[in-house]
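Chemist: Structure below; questions to follow.
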Amino acid sequence: MKNIKVLYLILASFMLILSACEPIVDETNLVDSTNVAGVQLVATQSTPGGNKVTLKMVTPGITGYWNFNLGKALTNEVTIVYPIPGKNTFTYVGSLGAQFFTKTIDVQIDKLDTPLDQDWYDLVSTNTTAGKTWVFDGAGGDGKLWWFMSAPSNPDGAMGAWWNAGGECCPPSDAAGKMHFDLNGAANYNHYETKTATPTKGSYVLDVANKKLIITGSKMLGSAAGNKDGVYSILTLTDTKMVLYLNNSETYGTGWTFVFKPI
């Protein structure tokens, strides 16, 4: 009898240990606070048809961000000076609670009555519809620094050539080509392998705040040393000069510097 009591005590202790090890399950379920139709987006222009636009998501209980095509704002409200006339579609990406959603709002911009950041004018000219064409600031074998290997992860050393590929022995295939940027209904980008070649069309984002130029759907001049994501750091952008830099060229595993001039 005594042995049976001892066995019961051992079993009871074992059960207590097992129950203590069982995980606590939080059975709280996320629920939607509304549906997509109930999410209200509002766009307000500072002047009728003007290009200074405030985008708001005003429905309580919703979180998310705005994608305004040329960048993103991780907030429910953002004011932008938009550089592209015409009908523009802006997207809000958010969570209803249990599920994610996207919703768009259209804004008609008829005039660029709020000045853009100077970087836009430097890149595409003040005639934003016509745009601007850029070429390398040099030619193969001229000894100048315009497409060259440089220090990795060191923008301050970007103009110190580790290997002057373009100016010495090995210019890129599109060394005599050109690239064109405009804002004619969209952020349009064209790459020309030569001055007279048929262009490869793409688009671009000028990220003024983070000093980035991003090319999509096409390639940058000299992209033989570029990266697949098309993201370049802007070291210099003026009306007469543009210097781009890669921290780490996927091709060479070093830094790489690109120097352009307008024509």
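We label chains A, B, ... in the order they appear in the structure tokens, count residues from 1 in each chain, and number ligands from 1 in the order shown.
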Excluding region 75-85 of chain A and any residue of its chain fewer than 2 positions from it, enumerate the residues within 9 Å of it, using only C-alpha atoms, and give them as number ranges by chain.
Modeler: A: 50-58, 62-66, 68, 70, 72-73, 87-88, 92, 108-112, 114-117, 120, 128-129, 183-187
Chemist: Can you pull out every residue within 8 Å of Trp134 (chain A), counting only C-alpha atoms, but drop anything in the same chain fewer than 5 positions away, and send it as a count of residues only?
Modeler: 7
Chemist: When DSSP works through the backbone of this structure, what residues of region 79-224 of chain A end up as strand (DSSP E), shown as a ChimeraX atom specification?
Modeler: /A:79-81,86-95,100-109,132-136,147-150,178-182,188-192,200-207,212-216
Chemist: For a quick check of understanding, using only C-alpha atoms, which of A:Thr238, A:Asn188, A:Thr91, A:Ser150 has the smallest distance to Thr216 (chain A)?
Modeler: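 For Thr216 (chain A), the nearest of the candidates is A:Asn188.
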Chemist: Between CA of Ser173 (chain A) and CA of Ser218 (chain A), what is the spacing in Å?
Modeler: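 Result for CA of Ser218 (chain A) versus CA of Ser173 (chain A): 15.2 Å, one decimal.
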Chemist: A:Asn164, A:Gln45, A:Thr59, A:Thr133: which is nearest Val107 (chain A), counting only C-alpha atoms?
Modeler: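 So, comparing all the options, the nearest one is A:Gln45.
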Chemist: With distances taken over only C-alpha atoms, which of A:Val31, A:Ala43, A:Ile215, A:Ala176 is nearest to Lys201 (chain A)?
Modeler: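 The shortest atom-to-atom distance to Lys201 (chain A) comes from A:Ile215.
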Chemist: Tell me which protein, DNA and RNA residues are within 12 Å of Asn35 (chain A), counting only C-alpha atoms, leaving out same-chain ones fewer than 2 positions away, and put them as an mmCIF file with N, CA, C and O atoms, in the first residue's frame.
Modeler:
```
data_model
loop_
_atom_site.group_PDB
_atom_site.id
_atom_site.type_symbol
_atom_site.label_atom_id
_atom_site.label_comp_id
_atom_site.auth_asym_id
_atom_site.auth_seq_id
_atom_site.Cartn_x
_atom_site.Cartn_y
_atom_site.Cartn_z
ATOM 1 N N VAL A 31 -8.776 41.630 -35.808
ATOM 2 C CA VAL A 31 -10.017 41.823 -36.575
ATOM 3 C C VAL A 31 -9.897 43.124 -37.347
ATOM 4 O O VAL A 31 -9.192 44.058 -36.946
ATOM 5 N N ASP A 32 -10.573 43.195 -38.486
ATOM 6 C CA ASP A 32 -10.571 44.403 -39.298
ATOM 7 C C ASP A 32 -11.442 45.477 -38.653
ATOM 8 O O ASP A 32 -12.550 45.200 -38.188
ATOM 9 N N SER A 33 -10.922 46.703 -38.631
ATOM 10 C CA SER A 33 -11.697 47.813 -38.067
ATOM 11 C C SER A 33 -12.692 48.373 -39.074
ATOM 12 O O SER A 33 -13.639 49.051 -38.704
ATOM 13 N N ALA A 37 -13.472 49.782 -48.665
ATOM 14 C CA ALA A 37 -14.376 50.853 -49.087
ATOM 15 C C ALA A 37 -14.525 51.920 -48.005
ATOM 16 O O ALA A 37 -14.796 53.088 -48.299
ATOM 17 N N GLY A 38 -14.320 51.510 -46.747
ATOM 18 C CA GLY A 38 -14.468 52.455 -45.644
ATOM 19 C C GLY A 38 -13.236 53.288 -45.371
ATOM 20 O O GLY A 38 -13.266 54.183 -44.515
ATOM 21 N N VAL A 39 -12.142 53.019 -46.065
ATOM 22 C CA VAL A 39 -10.910 53.799 -45.890
ATOM 23 C C VAL A 39 -11.005 55.063 -46.738
ATOM 24 O O VAL A 39 -11.174 55.001 -47.956
ATOM 25 N N GLN A 40 -10.906 56.204 -46.095
ATOM 26 C CA GLN A 40 -11.072 57.478 -46.786
ATOM 27 C C GLN A 40 -9.719 58.146 -47.038
ATOM 28 O O GLN A 40 -8.971 58.432 -46.102
ATOM 29 N N THR A 59 -9.173 57.792 -41.964
ATOM 30 C CA THR A 59 -10.004 56.813 -41.256
ATOM 31 C C THR A 59 -9.303 56.346 -39.987
ATOM 32 O O THR A 59 -8.164 55.873 -40.046
ATOM 33 N N GLY A 61 -7.992 54.127 -36.857
ATOM 34 C CA GLY A 61 -7.695 52.711 -36.677
ATOM 35 C C GLY A 61 -6.908 52.080 -37.799
ATOM 36 O O GLY A 61 -6.631 50.868 -37.760
ATOM 37 N N ILE A 62 -6.531 52.850 -38.809
ATOM 38 C CA ILE A 62 -5.780 52.328 -39.949
ATOM 39 C C ILE A 62 -4.335 52.815 -39.853
ATOM 40 O O ILE A 62 -4.085 53.977 -39.535
ATOM 41 N N GLY A 94 -1.805 49.927 -46.450
ATOM 42 C CA GLY A 94 -2.048 49.884 -45.017
ATOM 43 C C GLY A 94 -2.619 48.573 -44.526
ATOM 44 O O GLY A 94 -2.730 47.594 -45.263
ATOM 45 N N SER A 95 -2.981 48.578 -43.255
ATOM 46 C CA SER A 95 -3.557 47.404 -42.607
ATOM 47 C C SER A 95 -4.924 47.766 -42.047
ATOM 48 O O SER A 95 -5.081 48.782 -41.358
ATOM 49 N N LEU A 96 -5.913 46.915 -42.352
ATOM 50 C CA LEU A 96 -7.248 47.077 -41.783
ATOM 51 C C LEU A 96 -7.328 46.514 -40.369
ATOM 52 O O LEU A 96 -8.301 46.730 -39.657
ATOM 53 N N GLY A 97 -6.327 45.788 -39.985
ATOM 54 C CA GLY A 97 -6.290 45.107 -38.692
ATOM 55 C C GLY A 97 -5.843 43.678 -38.881
ATOM 56 O O GLY A 97 -4.803 43.250 -38.384
ATOM 57 N N ALA A 98 -6.625 42.922 -39.646
ATOM 58 C CA ALA A 98 -6.303 41.520 -39.910
ATOM 59 C C ALA A 98 -5.729 41.310 -41.304
ATOM 60 O O ALA A 98 -5.150 40.267 -41.576
ATOM 61 N N GLN A 99 -5.882 42.279 -42.176
ATOM 62 C CA GLN A 99 -5.399 42.094 -43.540
ATOM 63 C C GLN A 99 -4.849 43.404 -44.093
ATOM 64 O O GLN A 99 -5.240 44.497 -43.676
ATOM 65 N N PHE A 100 -3.908 43.261 -45.034
ATOM 66 C CA PHE A 100 -3.320 44.418 -45.688
ATOM 67 C C PHE A 100 -4.128 44.796 -46.932
ATOM 68 O O PHE A 100 -4.850 43.969 -47.491
ATOM 69 N N PHE A 101 -3.978 46.046 -47.359
ATOM 70 C CA PHE A 101 -4.730 46.526 -48.516
ATOM 71 C C PHE A 101 -3.957 47.641 -49.190
ATOM 72 O O PHE A 101 -3.028 48.224 -48.628
ATOM 73 N N THR A 102 -4.334 47.948 -50.413
ATOM 74 C CA THR A 102 -3.867 49.145 -51.112
ATOM 75 C C THR A 102 -5.084 49.879 -51.657
ATOM 76 O O THR A 102 -6.070 49.259 -52.043
ATOM 77 N N LYS A 103 -4.991 51.191 -51.671
ATOM 78 C CA LYS A 103 -6.072 52.009 -52.218
ATOM 79 C C LYS A 103 -5.439 53.230 -52.857
ATOM 80 O O LYS A 103 -4.427 53.744 -52.362
#
```
Chemist: For the structure I just gave you, how does DSSP split region 14-238 of chain A - specifically, which residues are alpha helix (DSSP H)? Reply as a ChimeraX atom specification.
Modeler: /A:14-21,118-124
Chemist: Which residues come within 9 Å of Gly167 (chain A), counting only C-alpha atoms, excluding same-chain residues fewer than 2 positions away, as a PDB file with C-alpha atoms, in the first residue's frame?
Modeler:
```pdb
ATOM      1  CA  GLY A 138      35.421  62.453 -71.244  1.00  0.00           C
ATOM      2  CA  ALA A 139      36.341  59.992 -73.979  1.00  0.00           C
ATOM      3  CA  GLY A 140      38.214  56.712 -74.042  1.00  0.00           C
ATOM      4  CA  GLY A 141      41.938  57.095 -73.527  1.00  0.00           C
ATOM      5  CA  ASP A 142      41.896  60.837 -72.840  1.00  0.00           C
ATOM      6  CA  GLY A 143      43.514  60.461 -69.410  1.00  0.00           C
ATOM      7  CA  LYS A 144      40.632  62.236 -67.666  1.00  0.00           C
ATOM      8  CA  LEU A 145      38.689  60.856 -64.706  1.00  0.00           C
ATOM      9  CA  TRP A 146      35.111  60.123 -65.772  1.00  0.00           C
ATOM     10  CA  TRP A 147      34.560  56.339 -65.284  1.00  0.00           C
ATOM     11  CA  PHE A 148      36.927  54.773 -62.799  1.00  0.00           C
ATOM     12  CA  ASN A 164      41.292  54.956 -64.423  1.00  0.00           C
ATOM     13  CA  ALA A 165      39.468  52.491 -66.675  1.00  0.00           C
ATOM     14  CA  CYS A 169      42.583  51.446 -71.467  1.00  0.00           C
ATOM     15  CA  CYS A 170      39.069  50.170 -71.009  1.00  0.00           C
ATOM     16  CA  PRO A 171      36.086  52.503 -71.507  1.00  0.00           C
TER      17      PRO A 171
END
```
Chemist: Hey, could you make a per-residue contact list for region 44-125 of chain A against region 240-244 of chain A with 12 Å as the cut-off, showing the nearest pair of atoms and its distance in Å to one decimal, counting only C-alpha atoms, sorted by chain and number, as a Markdown table?
Modeler:
```
| residue | atom | partner | partner_atom | distance |
| --- | --- | --- | --- | --- |
| A:Asp119 | CA | A:Met242 | CA | 10.4 |
| A:Tyr121 | CA | A:Thr240 | CA | 11.2 |
| A:Asp122 | CA | A:Thr240 | CA | 7.7 |
| A:Leu123 | CA | A:Met242 | CA | 8.3 |
| A:Val124 | CA | A:Thr240 | CA | 11.3 |
| A:Ser125 | CA | A:Thr240 | CA | 10.4 |
```
Chemist: Write the residues you've just listed into a file as a PDB file, in the first residue's frame, and include all heavy atoms for each of them.
Modeler:
```pdb
ATOM      1  N   ASP A 119      17.524  70.354 -57.303  1.00  0.00           N
ATOM      2  CA  ASP A 119      18.080  69.142 -57.908  1.00  0.00           C
ATOM      3  C   ASP A 119      17.285  68.690 -59.131  1.00  0.00           C
ATOM      4  O   ASP A 119      17.851  68.161 -60.098  1.00  0.00           O
ATOM      5  CB  ASP A 119      18.135  68.007 -56.884  1.00  0.00           C
ATOM      6  CG  ASP A 119      19.300  68.148 -55.920  1.00  0.00           C
ATOM      7  OD1 ASP A 119      20.103  69.080 -56.086  1.00  0.00           O
ATOM      8  OD2 ASP A 119      19.407  67.330 -54.992  1.00  0.00           O
ATOM      9  N   TYR A 121      15.663  70.643 -61.287  1.00  0.00           N
ATOM     10  CA  TYR A 121      16.012  71.517 -62.409  1.00  0.00           C
ATOM     11  C   TYR A 121      17.421  71.215 -62.924  1.00  0.00           C
ATOM     12  O   TYR A 121      17.682  71.273 -64.130  1.00  0.00           O
ATOM     13  CB  TYR A 121      15.903  72.980 -62.001  1.00  0.00           C
ATOM     14  CG  TYR A 121      14.513  73.382 -61.580  1.00  0.00           C
ATOM     15  CD1 TYR A 121      14.276  73.980 -60.344  1.00  0.00           C
ATOM     16  CD2 TYR A 121      13.418  73.151 -62.409  1.00  0.00           C
ATOM     17  CE1 TYR A 121      12.998  74.348 -59.958  1.00  0.00           C
ATOM     18  CE2 TYR A 121      12.132  73.513 -62.023  1.00  0.00           C
ATOM     19  CZ  TYR A 121      11.933  74.104 -60.791  1.00  0.00           C
ATOM     20  OH  TYR A 121      10.668  74.460 -60.404  1.00  0.00           O
ATOM     21  N   ASP A 122      18.336  70.893 -62.002  1.00  0.00           N
ATOM     22  CA  ASP A 122      19.690  70.544 -62.425  1.00  0.00           C
ATOM     23  C   ASP A 122      19.686  69.265 -63.262  1.00  0.00           C
ATOM     24  O   ASP A 122      20.422  69.159 -64.250  1.00  0.00           O
ATOM     25  CB  ASP A 122      20.598  70.368 -61.204  1.00  0.00           C
ATOM     26  CG  ASP A 122      20.894  71.686 -60.508  1.00  0.00           C
ATOM     27  OD1 ASP A 122      20.806  72.746 -61.166  1.00  0.00           O
ATOM     28  OD2 ASP A 122      21.189  71.663 -59.297  1.00  0.00           O
ATOM     29  N   LEU A 123      18.854  68.301 -62.877  1.00  0.00           N
ATOM     30  CA  LEU A 123      18.830  67.023 -63.597  1.00  0.00           C
ATOM     31  C   LEU A 123      18.102  67.119 -64.928  1.00  0.00           C
ATOM     32  O   LEU A 123      18.590  66.594 -65.941  1.00  0.00           O
ATOM     33  CB  LEU A 123      18.166  65.950 -62.730  1.00  0.00           C
ATOM     34  CG  LEU A 123      18.087  64.546 -63.347  1.00  0.00           C
ATOM     35  CD1 LEU A 123      19.485  63.956 -63.535  1.00  0.00           C
ATOM     36  CD2 LEU A 123      17.225  63.625 -62.492  1.00  0.00           C
ATOM     37  N   VAL A 124      16.926  67.777 -64.965  1.00  0.00           N
ATOM     38  CA  VAL A 124      16.086  67.732 -66.166  1.00  0.00           C
ATOM     39  C   VAL A 124      15.939  69.092 -66.855  1.00  0.00           C
ATOM     40  O   VAL A 124      15.271  69.179 -67.889  1.00  0.00           O
ATOM     41  CB  VAL A 124      14.684  67.174 -65.852  1.00  0.00           C
ATOM     42  CG1 VAL A 124      14.776  65.806 -65.240  1.00  0.00           C
ATOM     43  CG2 VAL A 124      13.892  68.113 -64.958  1.00  0.00           C
ATOM     44  N   SER A 125      16.513  70.141 -66.294  1.00  0.00           N
ATOM     45  CA  SER A 125      16.422  71.521 -66.775  1.00  0.00           C
ATOM     46  C   SER A 125      15.118  72.165 -66.298  1.00  0.00           C
ATOM     47  O   SER A 125      14.206  71.481 -65.814  1.00  0.00           O
ATOM     48  CB  SER A 125      16.527  71.620 -68.304  1.00  0.00           C
ATOM     49  OG  SER A 125      15.270  71.356 -68.926  1.00  0.00           O
TER      50      SER A 125
END
```
Chemist: What is the distance between CA of Asp106 (chain A) and CA of Pro48 (chain A), in Å to one decimal?
Modeler: 14.3 Å
